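Trainee: Sharing a structure here in structure tokens format.
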Amino acid sequence: MLEITGSFRFQGKPVRCREYGSGLVNRTYCVSCDSGAKYILQRVNREAFQDPPALMNNIDKIIRYLKPRARSPRETLSLVATVDEGIYARDEAGEFWRAYDYIADSICLERADGPAVFYESGLAYGRFLEMLSSFPLRELTETIPRFHDTVFRYERFKDTVRRDPLGRLREVREEIDFALSREPFAALFMELLRRGALPLRVTHNDTKLNNVLFDRRTRRALCVIDLDTVMPGLIMNDFGDAIRFGANSAAEDETDLSLVELDLELFRAFTGGFIESCGGQMTELERELLPAGVKMMTLECGVRFLTDYLEGDTYFQTEYPEHNRDRCRAQFALFRDLEKKEAEMVRIVRGKGT
Ligand code: ADP
Ligand code: GN1
Ligand code: MG
């Protein structure tokens with residue numbers, strides 16, 4: 001049993017603790033107690049999040065704000081207090097830990113098995129944004145500065161290419177050339193933001209399908225989880241990251257690139273749910289740029305995987321040495337397909353009523 005379980009006010013005595021989920025950044029465990037109660041216990045990744053106490057304050061504020069607005073208790077996460085009434089615990093190694101109630105009768109999906117669940121996830125992410133639309137932005141810390149500043153991501157990438165710390169450059173020349181060829185596009189949102197044409201909103205910023213929990217029986221979306229990156233951001237990026245991950249007809253790290261493409265049926269389903277729940281708050285420009293958000297998040301994610309590969313896999317958890325390279329290749333393959341299907345995406349978005 002992990003010693004840190006003793007720091008939380010769990011109901012009963014923890015009797016089982018196992019690694020859980022498939023997140024690429026934090027370490028997650030599922031703890032079961034002799035009372036039957038279950039919890040999610042997480043160690044916050046200090047490489048990714050420089051100020052865990054500030055991050056935990058963000059999460060606490062967001063949850064407190066959402067609770068009274070939610071339709072049911074299973075629609076929001078609930079933090080478990082520590083024995084000294086805190087919202088996180090620290091172990092001897094200085095690591096930060098937090099615990100949530102396990103959301104009962106929920107399932108987490110890595111792939112959309114059809115349009116119905118993906119529509120549901122669109123509703124859930126849109127509703128999450130809608131519920132937070134009046135949350136005061138200045139109360140949130142940027143937990144990862146410049147997280148979706150794609151221009152900054154490119155600066156880092158080019159710096160890593162210059163340094164080539166592991167001598168991996170020659171294995172990814174094609175990917176580097178591809179990334180550089182699309183660099184002008186990467187500035188689109190940051191430029192519009194600088195000109196004041198886009199509003200900053202409270203956004204989730206990590207809208208993978210596996211960050212929504214579904215009801216096991218009804219398969220309706222229940223709860224948006226993984227609140228580490230909830231901070232000021234752009235609505236197109238939340239839309240885009242969800243499509244990048246969930247409407248890809250293959251996995252994020254697929255090595256058979258002929259399988260990687262945008263599934264337009266899934267795209268249509270998510271778009272319907274998203275616009276239905278938060279279309280009312282979007283400006284015309286935001287709405288028009290939703291397909292560009294899909295391209296932006298796919299390109300940015302590919303560049304982040306490539307940078308991490310060149311850096312020696314210091315950020316994303318990997319299962320084999322070329323994992324980040326393969327993830328990058330799959331993202332760039334998807335990006336090429338998105339370029340081909342952009343006009344169709346625009347047509348679908350325009351066709352959805354608010
Ligand atoms: P990461 O930041 O590493 O992605 P997440 O917060 O997304 O971590 O959690 C990892 C996985 O744990 C999720 O994909 C989900 O399967 C599960 N999970 C997280 N929180 C809960 C919860 N409150 N109830 C049930 N399952 C959860
Ligand atoms: C990380 O933590 P997880 O697995 O939900 C990453 C996202 C990436 C994603 C790629 C804080 O998400 O930005 O898009 O991996 N989260 C962070 O799978 O960097
Ligand atoms: Mg997650």
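Identifiers in this document derive from the order of the structure tokens: chains are assigned A, B, ..., residues are numbered from 1 separately in each chain, and ligands are numbered from 1 in order of occurrence.
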Any idea what's packed within 12 Å of range 6-21 of chain A, counting only C-alpha atoms, ignoring anything in its chain fewer than 3 positions away? Could you give it as an MDAnalysis selection string?
Mentor: chainID A and resid 1:3 24:43 79:92 96:102 107:110 210:211 213 226
Trainee: Please report, as a Markdown table, each residue of range 79-127 of chain A lying at most 8 Å from range 268-287 of chain A, together with the nearest pair of atoms and the separation in Å rounded to one decimal; use only C-alpha atoms, and order rows by chain and ascending residue number.
Mentor:
```
| residue | atom | partner | partner_atom | distance |
| --- | --- | --- | --- | --- |
| A:Pro115 | CA | A:Ala269 | CA | 5.5 |
| A:Ala116 | CA | A:Ala269 | CA | 7.2 |
| A:Phe118 | CA | A:Phe270 | CA | 5.4 |
| A:Tyr119 | CA | A:Phe270 | CA | 4.4 |
| A:Glu120 | CA | A:Gly273 | CA | 6.4 |
| A:Ser121 | CA | A:Phe270 | CA | 6.9 |
| A:Gly122 | CA | A:Phe274 | CA | 4.3 |
| A:Leu123 | CA | A:Gly273 | CA | 4.2 |
| A:Ala124 | CA | A:Phe274 | CA | 7.6 |
| A:Tyr125 | CA | A:Phe274 | CA | 6.8 |
| A:Gly126 | CA | A:Phe274 | CA | 4.7 |
| A:Arg127 | CA | A:Ser277 | CA | 5.2 |
```
Trainee: Quick one: residues within 6 Å of range 298-305 of chain A, only C-alpha atoms counted, chain neighbours fewer than 5 positions away excluded, as an MDAnalysis selection string?
Mentor: chainID A and resid 150 244 324 328 331
Trainee: Could you check the closest approach to ligand 3 for each of A:Phe128, A:Tyr65, A:Phe239, A:Phe245 and tell me which residue wins, using only C-alpha atoms and all ligand atoms?
Mentor: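 Closest to ligand 3, using only C-alpha atoms and all ligand atoms: A:Phe245.
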Trainee: Closest to ligand 1 among A:Asn248, A:Thr218, A:Thr160, A:Gln317, using only C-alpha atoms and all ligand atoms?
Mentor: A:Gln317
Trainee: Which residue, A:Ala186, A:Leu77, A:Ala70, A:Leu132, has the smallest gap to ligand 1 when you use only C-alpha atoms and all ligand atoms?
Mentor: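 Smallest separation from ligand 1 among the options: A:Leu77.
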Trainee: Between A:Arg146, A:Arg220, A:Arg74, A:Lys67, which is the closest to ligand 1 once you count only C-alpha atoms and all ligand atoms?
Mentor: A:Arg74
Trainee: Please list as a ChimeraX atom specification every residue within 10 Å of Leu262 in chain A, counting only C-alpha atoms and excluding residues in the same chain fewer than 6 positions away.
Mentor: /A:243-250,333-338,340-341,345
Trainee: Could the residues in this selection be saved with N, CA, C and O atoms as a short mmCIF file (atom, residue, chain, number, x, y, z; two decimals), in the first residue's frame?
Mentor:
```cif
data_model
loop_
_atom_site.label_atom_id
_atom_site.label_comp_id
_atom_site.auth_asym_id
_atom_site.auth_seq_id
_atom_site.Cartn_x
_atom_site.Cartn_y
_atom_site.Cartn_z
N ILE A 243 -11.29 16.76 -31.23
CA ILE A 243 -11.39 16.12 -32.54
C ILE A 243 -10.07 15.41 -32.88
O ILE A 243 -10.07 14.28 -33.38
N ARG A 244 -8.97 16.08 -32.61
CA ARG A 244 -7.65 15.50 -32.89
C ARG A 244 -7.55 14.09 -32.32
O ARG A 244 -7.10 13.15 -32.97
N PHE A 245 -8.01 13.93 -31.10
CA PHE A 245 -7.87 12.64 -30.42
C PHE A 245 -9.02 11.70 -30.73
O PHE A 245 -8.81 10.54 -31.06
N GLY A 246 -10.24 12.22 -30.66
CA GLY A 246 -11.40 11.33 -30.70
C GLY A 246 -11.96 11.05 -32.08
O GLY A 246 -12.63 10.04 -32.28
N ALA A 247 -11.71 11.93 -33.05
CA ALA A 247 -12.26 11.68 -34.40
C ALA A 247 -11.16 11.19 -35.34
O ALA A 247 -11.37 11.09 -36.55
N ASN A 248 -10.01 10.87 -34.78
CA ASN A 248 -8.96 10.20 -35.55
C ASN A 248 -9.42 8.75 -35.70
O ASN A 248 -9.77 8.11 -34.71
N SER A 249 -9.41 8.24 -36.92
CA SER A 249 -9.91 6.87 -37.07
C SER A 249 -8.91 5.84 -36.53
O SER A 249 -9.23 4.66 -36.44
N ALA A 250 -7.73 6.30 -36.15
CA ALA A 250 -6.74 5.39 -35.55
C ALA A 250 -6.28 5.96 -34.21
O ALA A 250 -6.69 7.05 -33.81
N ALA A 333 0.44 12.84 -40.00
CA ALA A 333 -0.40 12.16 -41.01
C ALA A 333 -1.84 12.66 -40.89
O ALA A 333 -2.50 12.93 -41.90
N LEU A 334 -2.30 12.81 -39.66
CA LEU A 334 -3.65 13.32 -39.46
C LEU A 334 -3.75 14.76 -39.98
O LEU A 334 -4.73 15.13 -40.63
N PHE A 335 -2.71 15.54 -39.72
CA PHE A 335 -2.73 16.95 -40.17
C PHE A 335 -2.89 17.03 -41.70
O PHE A 335 -3.65 17.84 -42.21
N ARG A 336 -2.16 16.17 -42.39
CA ARG A 336 -2.27 16.17 -43.87
C ARG A 336 -3.71 15.88 -44.30
O ARG A 336 -4.23 16.48 -45.23
N ASP A 337 -4.33 14.94 -43.62
CA ASP A 337 -5.71 14.60 -43.96
C ASP A 337 -6.66 15.76 -43.61
O ASP A 337 -7.62 16.02 -44.33
N LEU A 338 -6.36 16.44 -42.51
CA LEU A 338 -7.19 17.59 -42.12
C LEU A 338 -7.13 18.68 -43.19
O LEU A 338 -8.13 19.33 -43.49
N LYS A 340 -6.80 18.24 -46.29
CA LYS A 340 -7.66 17.82 -47.41
C LYS A 340 -9.13 18.00 -47.07
O LYS A 340 -9.95 18.27 -47.94
N LYS A 341 -9.47 17.81 -45.80
CA LYS A 341 -10.89 17.81 -45.42
C LYS A 341 -11.35 19.13 -44.80
O LYS A 341 -12.47 19.21 -44.27
N MET A 345 -15.03 20.25 -43.27
CA MET A 345 -15.24 20.60 -41.84
C MET A 345 -15.95 21.95 -41.73
O MET A 345 -16.88 22.10 -40.93
#
```
Trainee: Please indicate the distance in Å from CA of Ser78 in chain A to CA of Leu137 in chain A, rounded to one decimal place.
Mentor: 21.5 Å
